[in-house]
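Undergrad: Please find query_0.cif (mmCIF, C-alpha atoms) on the next line:
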data_structure
#
loop_
_atom_site.group_PDB
_atom_site.id
_atom_site.type_symbol
_atom_site.label_atom_id
_atom_site.label_comp_id
_atom_site.auth_asym_id
_atom_site.auth_seq_id
_atom_site.Cartn_x
_atom_site.Cartn_y
_atom_site.Cartn_z
ATOM 1 C CA MET A 37 -9.841 10.993 -7.165
ATOM 2 C CA GLU A 38 -12.948 11.001 -4.957
ATOM 3 C CA VAL A 39 -14.392 7.611 -4.033
ATOM 4 C CA PRO A 40 -18.149 7.375 -4.727
ATOM 5 C CA ILE A 41 -20.144 6.153 -1.723
ATOM 6 C CA LEU A 42 -23.544 4.573 -2.408
ATOM 7 C CA LYS A 43 -26.247 3.914 0.159
ATOM 8 C CA GLN A 44 -27.910 0.541 -0.063
ATOM 9 C CA GLY A 45 -30.417 -0.109 2.719
ATOM 10 C CA ASN A 46 -28.568 -0.165 6.041
ATOM 11 C CA TYR A 47 -25.211 -0.288 4.324
ATOM 12 C CA LEU A 48 -22.816 2.032 2.530
ATOM 13 C CA ILE A 49 -20.746 0.840 -0.418
ATOM 14 C CA ALA A 50 -17.533 2.691 -1.317
ATOM 15 C CA SER A 51 -16.239 1.574 -4.718
ATOM 16 C CA ILE A 52 -12.688 2.691 -5.331
ATOM 17 C CA GLN A 53 -12.402 3.584 -9.045
ATOM 18 C CA ALA A 54 -8.681 4.304 -9.500
ATOM 19 C CA ALA A 55 -5.352 4.451 -7.679
ATOM 20 C CA LEU A 56 -5.635 6.570 -4.530
ATOM 21 C CA SER A 57 -3.131 9.005 -3.061
ATOM 22 C CA ASP A 58 -2.701 9.219 0.710
ATOM 23 C CA ALA A 59 -4.880 12.345 0.729
ATOM 24 C CA ASP A 60 -7.645 10.473 -1.162
ATOM 25 C CA LEU A 61 -7.560 7.660 1.412
ATOM 26 C CA LEU A 62 -7.820 10.081 4.317
ATOM 27 C CA ARG A 63 -10.765 11.816 2.640
ATOM 28 C CA LEU A 64 -12.486 8.446 2.227
ATOM 29 C CA ARG A 65 -11.987 7.820 5.963
ATOM 30 C CA ASP A 66 -13.485 11.201 6.883
ATOM 31 C CA ASP A 67 -16.392 10.847 4.417
ATOM 32 C CA LEU A 68 -17.308 7.410 5.773
ATOM 33 C CA ALA A 69 -17.112 8.553 9.409
ATOM 34 C CA GLN A 70 -19.604 11.343 8.566
ATOM 35 C CA ARG A 71 -21.967 9.288 6.446
ATOM 36 C CA VAL A 72 -22.437 6.297 8.753
ATOM 37 C CA GLY A 73 -23.889 8.830 11.192
ATOM 38 C CA ARG A 74 -26.007 10.653 8.636
ATOM 39 C CA PHE A 75 -27.477 7.456 7.170
ATOM 40 C CA ARG A 76 -27.404 5.437 10.430
ATOM 41 C CA SER A 77 -25.569 2.701 8.519
ATOM 42 C CA LYS A 78 -24.775 -0.609 10.205
ATOM 43 C CA GLY A 79 -22.199 -1.746 7.704
ATOM 44 C CA VAL A 80 -19.716 -0.300 5.222
ATOM 45 C CA ILE A 81 -18.270 -2.204 2.285
ATOM 46 C CA ILE A 82 -15.078 -0.890 0.665
ATOM 47 C CA ASP A 83 -14.366 -2.385 -2.751
ATOM 48 C CA VAL A 84 -10.609 -2.352 -3.503
ATOM 49 C CA THR A 85 -10.738 -4.531 -6.639
ATOM 50 C CA VAL A 86 -8.977 -1.920 -8.800
ATOM 51 C CA LEU A 87 -6.099 -1.311 -6.377
ATOM 52 C CA ASP A 88 -2.869 -2.975 -7.559
ATOM 53 C CA VAL A 89 -0.852 -1.745 -4.590
ATOM 54 C CA MET A 90 -1.871 -1.810 -0.937
ATOM 55 C CA ASP A 91 1.150 -0.528 0.946
ATOM 56 C CA SER A 92 1.648 0.176 4.659
ATOM 57 C CA PHE A 93 -0.206 3.498 4.518
ATOM 58 C CA ALA A 94 -3.237 2.047 2.708
ATOM 59 C CA VAL A 95 -3.464 -0.834 5.185
ATOM 60 C CA ARG A 96 -3.012 1.452 8.181
ATOM 61 C CA THR A 97 -5.757 3.750 6.878
ATOM 62 C CA LEU A 98 -8.185 0.864 6.228
ATOM 63 C CA ARG A 99 -7.543 -0.412 9.759
ATOM 64 C CA SER A 100 -8.228 3.011 11.233
ATOM 65 C CA ILE A 101 -11.419 3.241 9.141
ATOM 66 C CA GLY A 102 -12.483 -0.076 10.698
ATOM 67 C CA GLN A 103 -11.782 1.206 14.210
ATOM 68 C CA ILE A 104 -13.501 4.561 13.679
ATOM 69 C CA LEU A 105 -16.618 3.083 12.027
ATOM 70 C CA LYS A 106 -16.866 0.503 14.828
ATOM 71 C CA MET A 107 -17.063 3.391 17.280
ATOM 72 C CA ARG A 108 -19.803 4.850 15.096
ATOM 73 C CA GLY A 109 -21.740 1.577 15.281
ATOM 74 C CA ALA A 110 -20.883 0.111 11.888
ATOM 75 C CA GLU A 111 -18.900 -2.892 10.697
ATOM 76 C CA THR A 112 -16.395 -2.551 7.827
ATOM 77 C CA VAL A 113 -15.874 -5.182 5.144
ATOM 78 C CA ILE A 114 -13.049 -4.922 2.594
ATOM 79 C CA VAL A 115 -13.763 -6.753 -0.663
ATOM 80 C CA GLY A 116 -11.851 -7.488 -3.840
ATOM 81 C CA ILE A 117 -8.245 -7.810 -2.680
ATOM 82 C CA GLN A 118 -6.536 -9.360 -5.730
ATOM 83 C CA PRO A 119 -4.420 -12.501 -5.189
ATOM 84 C CA GLU A 120 -1.151 -10.811 -6.241
ATOM 85 C CA VAL A 121 -1.929 -7.881 -3.937
ATOM 86 C CA ALA A 122 -2.625 -10.232 -1.015
ATOM 87 C CA PHE A 123 0.691 -11.970 -1.725
ATOM 88 C CA ALA A 124 2.632 -8.674 -1.679
ATOM 89 C CA MET A 125 0.867 -7.539 1.520
ATOM 90 C CA VAL A 126 1.833 -10.753 3.305
ATOM 91 C CA GLN A 127 5.457 -10.462 2.168
ATOM 92 C CA LEU A 128 5.508 -6.876 3.346
ATOM 93 C CA GLY A 129 4.309 -8.127 6.746
ATOM 94 C CA LEU A 130 0.949 -6.351 6.719
ATOM 95 C CA SER A 131 -2.213 -7.810 8.180
ATOM 96 C CA LEU A 132 -5.679 -6.375 7.831
ATOM 97 C CA THR A 133 -7.032 -6.409 11.383
ATOM 98 C CA ASP A 134 -9.970 -4.288 12.664
ATOM 99 C CA VAL A 135 -11.943 -4.940 9.471
ATOM 100 C CA TRP A 136 -13.700 -7.938 7.950
ATOM 101 C CA THR A 137 -12.786 -9.197 4.507
ATOM 102 C CA ALA A 138 -14.890 -10.923 1.839
ATOM 103 C CA LEU A 139 -14.221 -12.103 -1.689
ATOM 104 C CA ASP A 140 -16.717 -9.810 -3.389
ATOM 105 C CA LEU A 141 -19.687 -7.486 -2.878
ATOM 106 C CA GLU A 142 -22.269 -10.280 -2.826
ATOM 107 C CA GLU A 143 -20.385 -12.191 -0.114
ATOM 108 C CA ALA A 144 -19.983 -8.999 1.921
ATOM 109 C CA LEU A 145 -23.704 -8.173 1.750
ATOM 110 C CA SER A 146 -24.768 -11.633 2.869
ATOM 111 C CA PHE A 147 -22.124 -11.557 5.616
ATOM 112 C CA LEU A 148 -23.422 -8.222 6.952
ATOM 113 C CA ASP A 149 -27.008 -9.551 6.829
ATOM 114 C CA ARG A 150 -25.984 -12.598 8.854
ATOM 115 C CA LEU A 151 -24.070 -10.396 11.311
ATOM 116 C CA ALA A 152 -27.131 -8.143 11.751
ATOM 117 C CA LYS A 153 -29.373 -11.156 12.417
ATOM 118 C CA ALA A 154 -26.930 -12.654 14.914
ATOM 119 C CA GLY A 155 -26.661 -9.295 16.702
ATOM 120 C CA HIS A 156 -30.451 -8.952 17.033
ATOM 121 C CA PRO A 157 -31.844 -12.423 17.826
ATOM 122 C CA ASP A 158 -35.349 -11.062 18.605
ATOM 123 C CA GLU A 159 -35.912 -9.514 15.193
ATOM 124 C CA MET B 291 20.076 2.464 -20.942
ATOM 125 C CA ASN B 292 17.198 4.234 -22.607
ATOM 126 C CA ASP B 293 14.595 2.608 -20.361
ATOM 127 C CA GLU B 294 16.026 4.356 -17.292
ATOM 128 C CA VAL B 295 13.658 6.878 -15.757
ATOM 129 C CA THR B 296 14.014 9.289 -12.831
ATOM 130 C CA ILE B 297 10.951 10.289 -10.845
ATOM 131 C CA PRO B 298 11.245 13.197 -8.401
ATOM 132 C CA ILE B 299 9.544 12.409 -5.076
ATOM 133 C CA GLY B 300 8.104 15.207 -2.960
ATOM 134 C CA SER B 301 4.438 14.490 -2.302
ATOM 135 C CA ASP B 302 1.964 11.666 -1.776
ATOM 136 C CA GLN B 303 0.916 11.979 -5.433
ATOM 137 C CA ASP B 304 4.524 11.264 -6.497
ATOM 138 C CA ILE B 305 4.357 7.952 -4.587
ATOM 139 C CA VAL B 306 1.472 6.887 -6.851
ATOM 140 C CA THR B 307 3.340 8.038 -9.981
ATOM 141 C CA ALA B 308 6.542 6.191 -8.985
ATOM 142 C CA ARG B 309 4.840 2.871 -8.338
ATOM 143 C CA GLN B 310 2.758 3.115 -11.531
ATOM 144 C CA ARG B 311 5.884 3.832 -13.621
ATOM 145 C CA GLY B 312 7.655 0.963 -11.848
ATOM 146 C CA ARG B 313 4.871 -1.474 -12.596
ATOM 147 C CA ALA B 314 4.761 -0.336 -16.243
ATOM 148 C CA LEU B 315 8.506 -0.863 -16.662
ATOM 149 C CA ALA B 316 8.342 -4.277 -14.937
ATOM 150 C CA ALA B 317 5.531 -5.272 -17.306
ATOM 151 C CA LYS B 318 7.498 -4.025 -20.318
ATOM 152 C CA LEU B 319 10.524 -6.067 -19.200
ATOM 153 C CA GLY B 320 8.320 -9.160 -19.023
ATOM 154 C CA PHE B 321 7.864 -9.726 -15.278
ATOM 155 C CA SER B 322 4.829 -11.762 -14.150
ATOM 156 C CA SER B 323 1.921 -9.808 -12.668
ATOM 157 C CA THR B 324 2.818 -11.133 -9.185
ATOM 158 C CA ASP B 325 6.348 -9.734 -9.601
ATOM 159 C CA GLN B 326 5.046 -6.466 -11.099
ATOM 160 C CA ILE B 327 2.890 -5.909 -8.028
ATOM 161 C CA ALA B 328 5.697 -6.866 -5.620
ATOM 162 C CA ILE B 329 7.985 -4.345 -7.382
ATOM 163 C CA ALA B 330 5.298 -1.622 -7.370
ATOM 164 C CA THR B 331 4.614 -2.227 -3.668
ATOM 165 C CA ALA B 332 8.354 -2.039 -2.830
ATOM 166 C CA ILE B 333 8.628 1.243 -4.769
ATOM 167 C CA SER B 334 5.610 2.579 -2.878
ATOM 168 C CA GLU B 335 7.269 1.842 0.477
ATOM 169 C CA LEU B 336 10.632 3.379 -0.510
ATOM 170 C CA SER B 337 8.972 6.528 -1.934
ATOM 171 C CA ARG B 338 6.910 6.770 1.229
ATOM 172 C CA ASN B 339 10.065 6.689 3.362
ATOM 173 C CA ILE B 340 11.484 9.558 1.278
ATOM 174 C CA VAL B 341 8.352 11.693 1.785
ATOM 175 C CA GLU B 342 8.082 10.874 5.504
ATOM 176 C CA TYR B 343 11.703 11.185 6.572
ATOM 177 C CA ALA B 344 13.496 13.322 3.961
ATOM 178 C CA LYS B 345 10.559 15.302 2.447
ATOM 179 C CA LYS B 346 12.068 14.997 -1.051
ATOM 180 C CA GLY B 347 14.319 12.807 -3.133
ATOM 181 C CA GLU B 348 14.110 10.656 -6.243
ATOM 182 C CA ILE B 349 13.403 7.182 -7.534
ATOM 183 C CA VAL B 350 15.468 5.904 -10.481
ATOM 184 C CA LEU B 351 14.070 2.894 -12.329
ATOM 185 C CA GLY B 352 15.824 0.860 -14.981
ATOM 186 C CA PRO B 353 16.638 -2.551 -16.382
ATOM 187 C CA VAL B 354 19.788 -4.218 -15.019
ATOM 188 C CA LYS B 355 22.100 -7.090 -15.995
ATOM 189 C CA GLY B 356 23.774 -9.322 -13.397
ATOM 190 C CA HIS B 357 27.581 -8.958 -13.227
ATOM 191 C CA ASP B 358 28.335 -12.680 -12.990
ATOM 192 C CA ASN B 359 25.757 -14.442 -15.102
ATOM 193 C CA GLY B 360 24.299 -11.675 -17.265
ATOM 194 C CA GLN B 361 20.888 -12.338 -15.736
ATOM 195 C CA ALA B 362 18.284 -9.672 -16.537
ATOM 196 C CA GLY B 363 16.252 -7.818 -13.983
ATOM 197 C CA ILE B 364 14.915 -4.482 -12.779
ATOM 198 C CA GLN B 365 16.680 -2.064 -10.469
ATOM 199 C CA VAL B 366 15.153 0.638 -8.312
ATOM 200 C CA VAL B 367 17.279 3.295 -6.619
ATOM 201 C CA ALA B 368 15.642 5.433 -3.922
ATOM 202 C CA ARG B 369 17.829 8.402 -3.059
ATOM 203 C CA ASP B 370 17.415 11.323 -0.698
ATOM 204 C CA LYS B 371 19.516 13.940 1.080
ATOM 205 C CA GLY B 372 17.508 13.658 4.278
ATOM 206 C CA PRO B 373 18.593 13.056 7.877
ATOM 207 C CA GLY B 374 19.840 9.511 7.196
ATOM 208 C CA ILE B 375 19.105 6.376 9.195
ATOM 209 C CA PRO B 376 20.872 6.492 12.589
ATOM 210 C CA ASP B 377 21.011 2.697 13.063
ATOM 211 C CA ILE B 378 20.515 0.608 9.932
ATOM 212 C CA GLY B 379 20.634 -2.671 11.868
ATOM 213 C CA LEU B 380 17.728 -1.459 13.986
ATOM 214 C CA ALA B 381 15.857 -0.100 10.948
ATOM 215 C CA MET B 382 16.023 -3.555 9.341
ATOM 216 C CA LYS B 383 14.171 -5.148 12.261
ATOM 217 C CA ASP B 384 10.446 -5.729 11.827
ATOM 218 C CA GLY B 385 8.433 -3.301 13.908
ATOM 219 C CA TYR B 386 11.030 -0.535 14.162
ATOM 220 C CA SER B 387 9.965 2.981 13.240
ATOM 221 C CA THR B 388 10.878 6.513 14.214
ATOM 222 C CA SER B 389 7.908 7.903 12.308
ATOM 223 C CA ARG B 390 4.207 7.152 12.650
ATOM 224 C CA SER B 391 4.343 4.386 10.066
ATOM 225 C CA LEU B 392 4.098 0.709 10.967
ATOM 226 C CA GLY B 393 7.859 0.418 10.759
ATOM 227 C CA LEU B 394 7.715 -2.498 8.355
ATOM 228 C CA GLY B 395 9.031 -0.539 5.401
ATOM 229 C CA LEU B 396 12.615 -1.744 4.995
ATOM 230 C CA PRO B 397 12.493 -5.405 6.097
ATOM 231 C CA GLY B 398 9.194 -5.835 4.243
ATOM 232 C CA THR B 399 10.623 -4.245 1.113
ATOM 233 C CA ARG B 400 13.609 -6.597 1.300
ATOM 234 C CA ARG B 401 11.249 -9.597 1.391
ATOM 235 C CA LEU B 402 9.449 -8.361 -1.734
ATOM 236 C CA MET B 403 12.686 -8.160 -3.758
ATOM 237 C CA ASP B 404 15.755 -10.345 -4.488
ATOM 238 C CA ASP B 405 18.536 -7.825 -3.734
ATOM 239 C CA PHE B 406 18.491 -5.075 -1.147
ATOM 240 C CA GLU B 407 21.279 -2.605 -0.320
ATOM 241 C CA VAL B 408 21.104 0.439 1.887
ATOM 242 C CA VAL B 409 23.714 3.144 2.381
ATOM 243 C CA SER B 410 22.983 5.917 4.827
ATOM 244 C CA GLU B 411 25.013 8.626 6.472
ATOM 245 C CA SER B 412 23.723 10.729 9.322
ATOM 246 C CA GLY B 413 22.847 14.198 8.072
ATOM 247 C CA LYS B 414 23.745 13.382 4.463
ATOM 248 C CA GLY B 415 20.988 11.120 3.234
ATOM 249 C CA THR B 416 20.006 7.608 2.359
ATOM 250 C CA THR B 417 20.255 5.499 -0.797
ATOM 251 C CA VAL B 418 18.395 2.204 -1.074
ATOM 252 C CA ILE B 419 18.991 -0.042 -4.091
ATOM 253 C CA ILE B 420 16.644 -2.968 -4.758
ATOM 254 C CA ARG B 421 16.612 -5.452 -7.640
ATOM 255 C CA LYS B 422 14.454 -8.287 -8.842
ATOM 256 C CA TRP B 423 15.672 -10.920 -11.309
ATOM 257 C CA PHE B 424 13.773 -12.979 -13.855
ATOM 258 C CA ARG B 425 13.114 -16.501 -12.665
#
Would you mind writing the file's structure down as structure tokens?
TA:
Amino acid sequence: MEVPILKQGNYLIASIQAALSDADLLRLRDDLAQRVGRFRSKGVIIDVTVLDVMDSFAVRTLRSIGQILKMRGAETVIVGIQPEVAFAMVQLGLSLTDVWTALDLEEALSFLDRLAKAGHPDE
Amino acid sequence: MNDEVTIPIGSDQDIVTARQRGRALAAKLGFSSTDQIAIATAISELSRNIVEYAKKGEIVLGPVKGHDNGQAGIQVVARDKGPGIPDIGLAMKDGYSTSRSLGLGLPGTRRLMDDFEVVSESGKGTTVIIRKWFR
């Protein structure tokens, strides 16, 4: 199941549509690493609202996406982690470092706008 | 028990299938959505261990009744004929891993469930049994 990636201004939005296998997650990582360069994106939002399981592999892959995109000059925001999923992740002992998190798409967009302004005080 | 189901595990796609079947059974048995997701996440971790360490094995899901009080719950058996876990005590510590994973699999899985048993013999394989009971 390929994850559609939309370009919106300086940002990319990846909306996960269904459960992802490990291979799907790795393809998302590779696609995003390519596209932030092609579109000169400053931020990437990954919407995980539909995911009912975020296990150690999913979290590790999202963290590596955050690290890789940072090296490519973009910030990563994960949105839509469901309360039950957050609860299971905490019990499992997983923490989502190397990425930002926001409640939903709207919050993530305004966060990235604020981050861009703070990073370029002259503009 | 006619609700018992065996899922062969041999690829990353099987991990998705196993956790989806597990969540469906947990929902059918009447577990809350928080418990359904905890159970699905535990199944995901155990299936992942099978793929990473043993290459193949199976997950057996089914309803279970407590021996003492007749309490109802769900049981998940993860079984493989892989290399086995050399030191179970060490494997149950947070942060331990011999593979490239975060090494949180077993202790984290135990926290997600009520019961956790592991039997492993070097060179013969590993069986992990986890259960969750209705509250």
Undergrad: Can you list, as a list in words, every protein, DNA or RNA residue that comes within 8 Å of A:Ile41 when you count all atoms listed in the file, leaving out same-chain residues fewer than 2 positions away?
TA: Val39, Lys43, Leu48, Ile49, Ala50 and Ser51 of chain A
Undergrad: Can you list, as number ranges by chain, every protein, DNA or RNA residue that comes within 12 Å of A:Leu98 when you count only C-alpha atoms, leaving out same-chain residues fewer than 2 positions away?
TA: A: 58, 61-66, 68, 80-84, 90-96, 100-105, 112-115, 130-137
Undergrad: Using the selection just defined, write its residues with C-alpha atoms as a compact mmCIF listing (two decimals), in the frame of the given file.
TA:
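Saved result, out.txt, follows:
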# COMPACT_ATOMS: atom_id res chain seq x y z
CA ASP A 58 -2.70 9.22 0.71
CA LEU A 61 -7.56 7.66 1.41
CA LEU A 62 -7.82 10.08 4.32
CA ARG A 63 -10.76 11.82 2.64
CA LEU A 64 -12.49 8.45 2.23
CA ARG A 65 -11.99 7.82 5.96
CA ASP A 66 -13.48 11.20 6.88
CA LEU A 68 -17.31 7.41 5.77
CA VAL A 80 -19.72 -0.30 5.22
CA ILE A 81 -18.27 -2.20 2.28
CA ILE A 82 -15.08 -0.89 0.66
CA ASP A 83 -14.37 -2.38 -2.75
CA VAL A 84 -10.61 -2.35 -3.50
CA MET A 90 -1.87 -1.81 -0.94
CA ASP A 91 1.15 -0.53 0.95
CA SER A 92 1.65 0.18 4.66
CA PHE A 93 -0.21 3.50 4.52
CA ALA A 94 -3.24 2.05 2.71
CA VAL A 95 -3.46 -0.83 5.18
CA ARG A 96 -3.01 1.45 8.18
CA SER A 100 -8.23 3.01 11.23
CA ILE A 101 -11.42 3.24 9.14
CA GLY A 102 -12.48 -0.08 10.70
CA GLN A 103 -11.78 1.21 14.21
CA ILE A 104 -13.50 4.56 13.68
CA LEU A 105 -16.62 3.08 12.03
CA THR A 112 -16.40 -2.55 7.83
CA VAL A 113 -15.87 -5.18 5.14
CA ILE A 114 -13.05 -4.92 2.59
CA VAL A 115 -13.76 -6.75 -0.66
CA LEU A 130 0.95 -6.35 6.72
CA SER A 131 -2.21 -7.81 8.18
CA LEU A 132 -5.68 -6.38 7.83
CA THR A 133 -7.03 -6.41 11.38
CA ASP A 134 -9.97 -4.29 12.66
CA VAL A 135 -11.94 -4.94 9.47
CA TRP A 136 -13.70 -7.94 7.95
CA THR A 137 -12.79 -9.20 4.51
Undergrad: Tell me which protein, DNA and RNA residues are within 9 Å of B:Arg400, counting all atoms listed in the file, leaving out same-chain ones fewer than 4 positions away, and put them as a list of chain:residue names.
TA: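 Once the nearby chain positions are removed, what remains is A:Leu128, B:Ala332, B:Met382, B:Gly395, B:Leu396, B:Asp404, B:Asp405, B:Phe406, B:Glu407, B:Ile420.
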Undergrad: What does the PyMOL selection byres ((chain B) within 6 of (chain A)) select in this file, as an MDAnalysis selection string?
TA: chainID B and resid 302:303 324 328 331 398 401:402
Undergrad: Could you check which of B:Asn339, B:Glu411, B:Thr417, B:Ile364 is closest to B:Ala314, using only C-alpha atoms?
TA: B:Ile364
Undergrad: To test your reading of the syntax: which residues would the PyMOL selection byres ((chain B and resi 375) around 8) return for the file shown? Reply as a PDB file with C-alpha atoms, keeping the file's coordinate frame.
TA:
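Heads up, here's the output in result.pdb:
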ATOM      1  CA  PRO B 373      18.593  13.056   7.877  1.00  0.00           C
ATOM      2  CA  GLY B 374      19.840   9.511   7.196  1.00  0.00           C
ATOM      3  CA  PRO B 376      20.872   6.492  12.589  1.00  0.00           C
ATOM      4  CA  ASP B 377      21.011   2.697  13.063  1.00  0.00           C
ATOM      5  CA  ILE B 378      20.515   0.608   9.932  1.00  0.00           C
ATOM      6  CA  ALA B 381      15.857  -0.100  10.948  1.00  0.00           C
ATOM      7  CA  SER B 410      22.983   5.917   4.827  1.00  0.00           C
ATOM      8  CA  GLU B 411      25.013   8.626   6.472  1.00  0.00           C
ATOM      9  CA  SER B 412      23.723  10.729   9.322  1.00  0.00           C
ATOM     10  CA  GLY B 415      20.988  11.120   3.234  1.00  0.00           C
ATOM     11  CA  THR B 416      20.006   7.608   2.359  1.00  0.00           C
TER      12      THR B 416
END
Undergrad: Would you work out the distance separating atom CA of B:Leu336 from atom CA of A:Asp67, expressed in Å to one decimal?
TA: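 Distance reported for this atom pair: 28.5 Å.
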Undergrad: In Å, with one decimal, what is the gap from atom CA of B:Gly372 to atom CA of B:Lys345?
TA: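 Between atom CA of B:Gly372 and atom CA of B:Lys345 the gap is 7.4 Å.
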Undergrad: Quick check, in Å to one decimal: how far apart do atom CA of B:Ser301 and atom CA of B:Gly347 lie?
TA: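 Distance reported for this atom pair: 10.1 Å.
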Undergrad: Can you tell me, as a list of chain:residue names, what residues are no more than 12 Å from B:Gly320 when counting all atoms listed in the file, ignoring any on the same chain fewer than 3 positions away?
TA: B:Arg313, B:Ala314, B:Leu315, B:Ala316, B:Ala317, B:Ser323, B:Thr324, B:Asp325, B:Gln326, B:Pro353, B:Ala362, B:Gly363, B:Ile364, B:Lys422, B:Trp423, B:Phe424, B:Arg425
Undergrad: Once the PyMOL selection byres ((chain B and resi 352) around 9) is applied to the coordinates I shared, what remains selected? I want it as JSON, numbers by chain.
TA: {"B": [291, 292, 293, 294, 295, 296, 312, 315, 350, 351, 353, 354, 363, 364, 365, 366, 367]}
Undergrad: Which residue out of B:Ile327, B:Ala368, B:Val408, B:Arg421 has the minimum interatomic distance to A:Gln118 when all atoms listed in the file are used?
TA: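 That would be B:Ile327, the residue with the smallest distance to A:Gln118.
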Undergrad: Could the centre and edge lengths of an axis-aligned box, enclosing all atoms of stretch 401-404 of chain B in the file with 6 Å extra on each side, be given in Å to one decimal as lines of an AutoDock Vina configuration file?
TA:
center_x = 12.6
center_y = -9.3
center_z = -1.5
size_x = 18.3
size_y = 14.2
size_z = 17.9
Undergrad: Nearest to A:Tyr47: which of A:Glu143, A:Thr97, A:Gly155, A:Asp149 is it, counting only C-alpha atoms?
TA: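 Comparing A:Glu143, A:Thr97, A:Gly155, A:Asp149 against A:Tyr47, the winner is A:Asp149.
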Undergrad: Since the input lacks atoms, please generate N, CA and C atoms for stretch 357-371 of chain B and provide them as a short mmCIF file (atom, residue, chain, number, x, y, z; two decimals), in the frame of the given file.
TA:
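Below is the file that was written, rebuild00.cif:
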data_model
loop_
_atom_site.label_atom_id
_atom_site.label_comp_id
_atom_site.auth_asym_id
_atom_site.auth_seq_id
_atom_site.Cartn_x
_atom_site.Cartn_y
_atom_site.Cartn_z
N HIS B 357 26.15 -9.01 -12.90
CA HIS B 357 27.58 -8.96 -13.23
C HIS B 357 28.14 -10.34 -13.58
N ASP B 358 27.72 -11.36 -12.85
CA ASP B 358 28.34 -12.68 -12.99
C ASP B 358 27.73 -13.49 -14.14
N ASN B 359 26.41 -13.52 -14.17
CA ASN B 359 25.76 -14.44 -15.10
C ASN B 359 24.98 -13.74 -16.22
N GLY B 360 25.02 -12.40 -16.23
CA GLY B 360 24.30 -11.68 -17.26
C GLY B 360 22.79 -11.77 -17.15
N GLN B 361 22.33 -12.20 -15.98
CA GLN B 361 20.89 -12.34 -15.74
C GLN B 361 20.21 -10.97 -15.83
N ALA B 362 18.99 -10.95 -16.37
CA ALA B 362 18.28 -9.67 -16.54
C ALA B 362 17.34 -9.43 -15.37
N GLY B 363 17.15 -8.17 -15.08
CA GLY B 363 16.25 -7.82 -13.98
C GLY B 363 15.89 -6.35 -14.00
N ILE B 364 15.28 -5.90 -12.92
CA ILE B 364 14.92 -4.48 -12.78
C ILE B 364 15.60 -3.94 -11.53
N GLN B 365 16.04 -2.70 -11.62
CA GLN B 365 16.68 -2.06 -10.47
C GLN B 365 15.94 -0.79 -10.11
N VAL B 366 15.79 -0.58 -8.82
CA VAL B 366 15.15 0.64 -8.31
C VAL B 366 16.12 1.29 -7.32
N VAL B 367 16.44 2.55 -7.56
CA VAL B 367 17.28 3.30 -6.62
C VAL B 367 16.42 4.37 -5.98
N ALA B 368 16.37 4.39 -4.66
CA ALA B 368 15.64 5.43 -3.92
C ALA B 368 16.68 6.28 -3.20
N ARG B 369 16.73 7.56 -3.54
CA ARG B 369 17.83 8.40 -3.06
C ARG B 369 17.27 9.67 -2.44
N ASP B 370 17.80 10.03 -1.28
CA ASP B 370 17.42 11.32 -0.70
C ASP B 370 18.59 11.93 0.04
N LYS B 371 18.48 13.24 0.32
CA LYS B 371 19.52 13.94 1.08
C LYS B 371 18.94 14.30 2.45
#
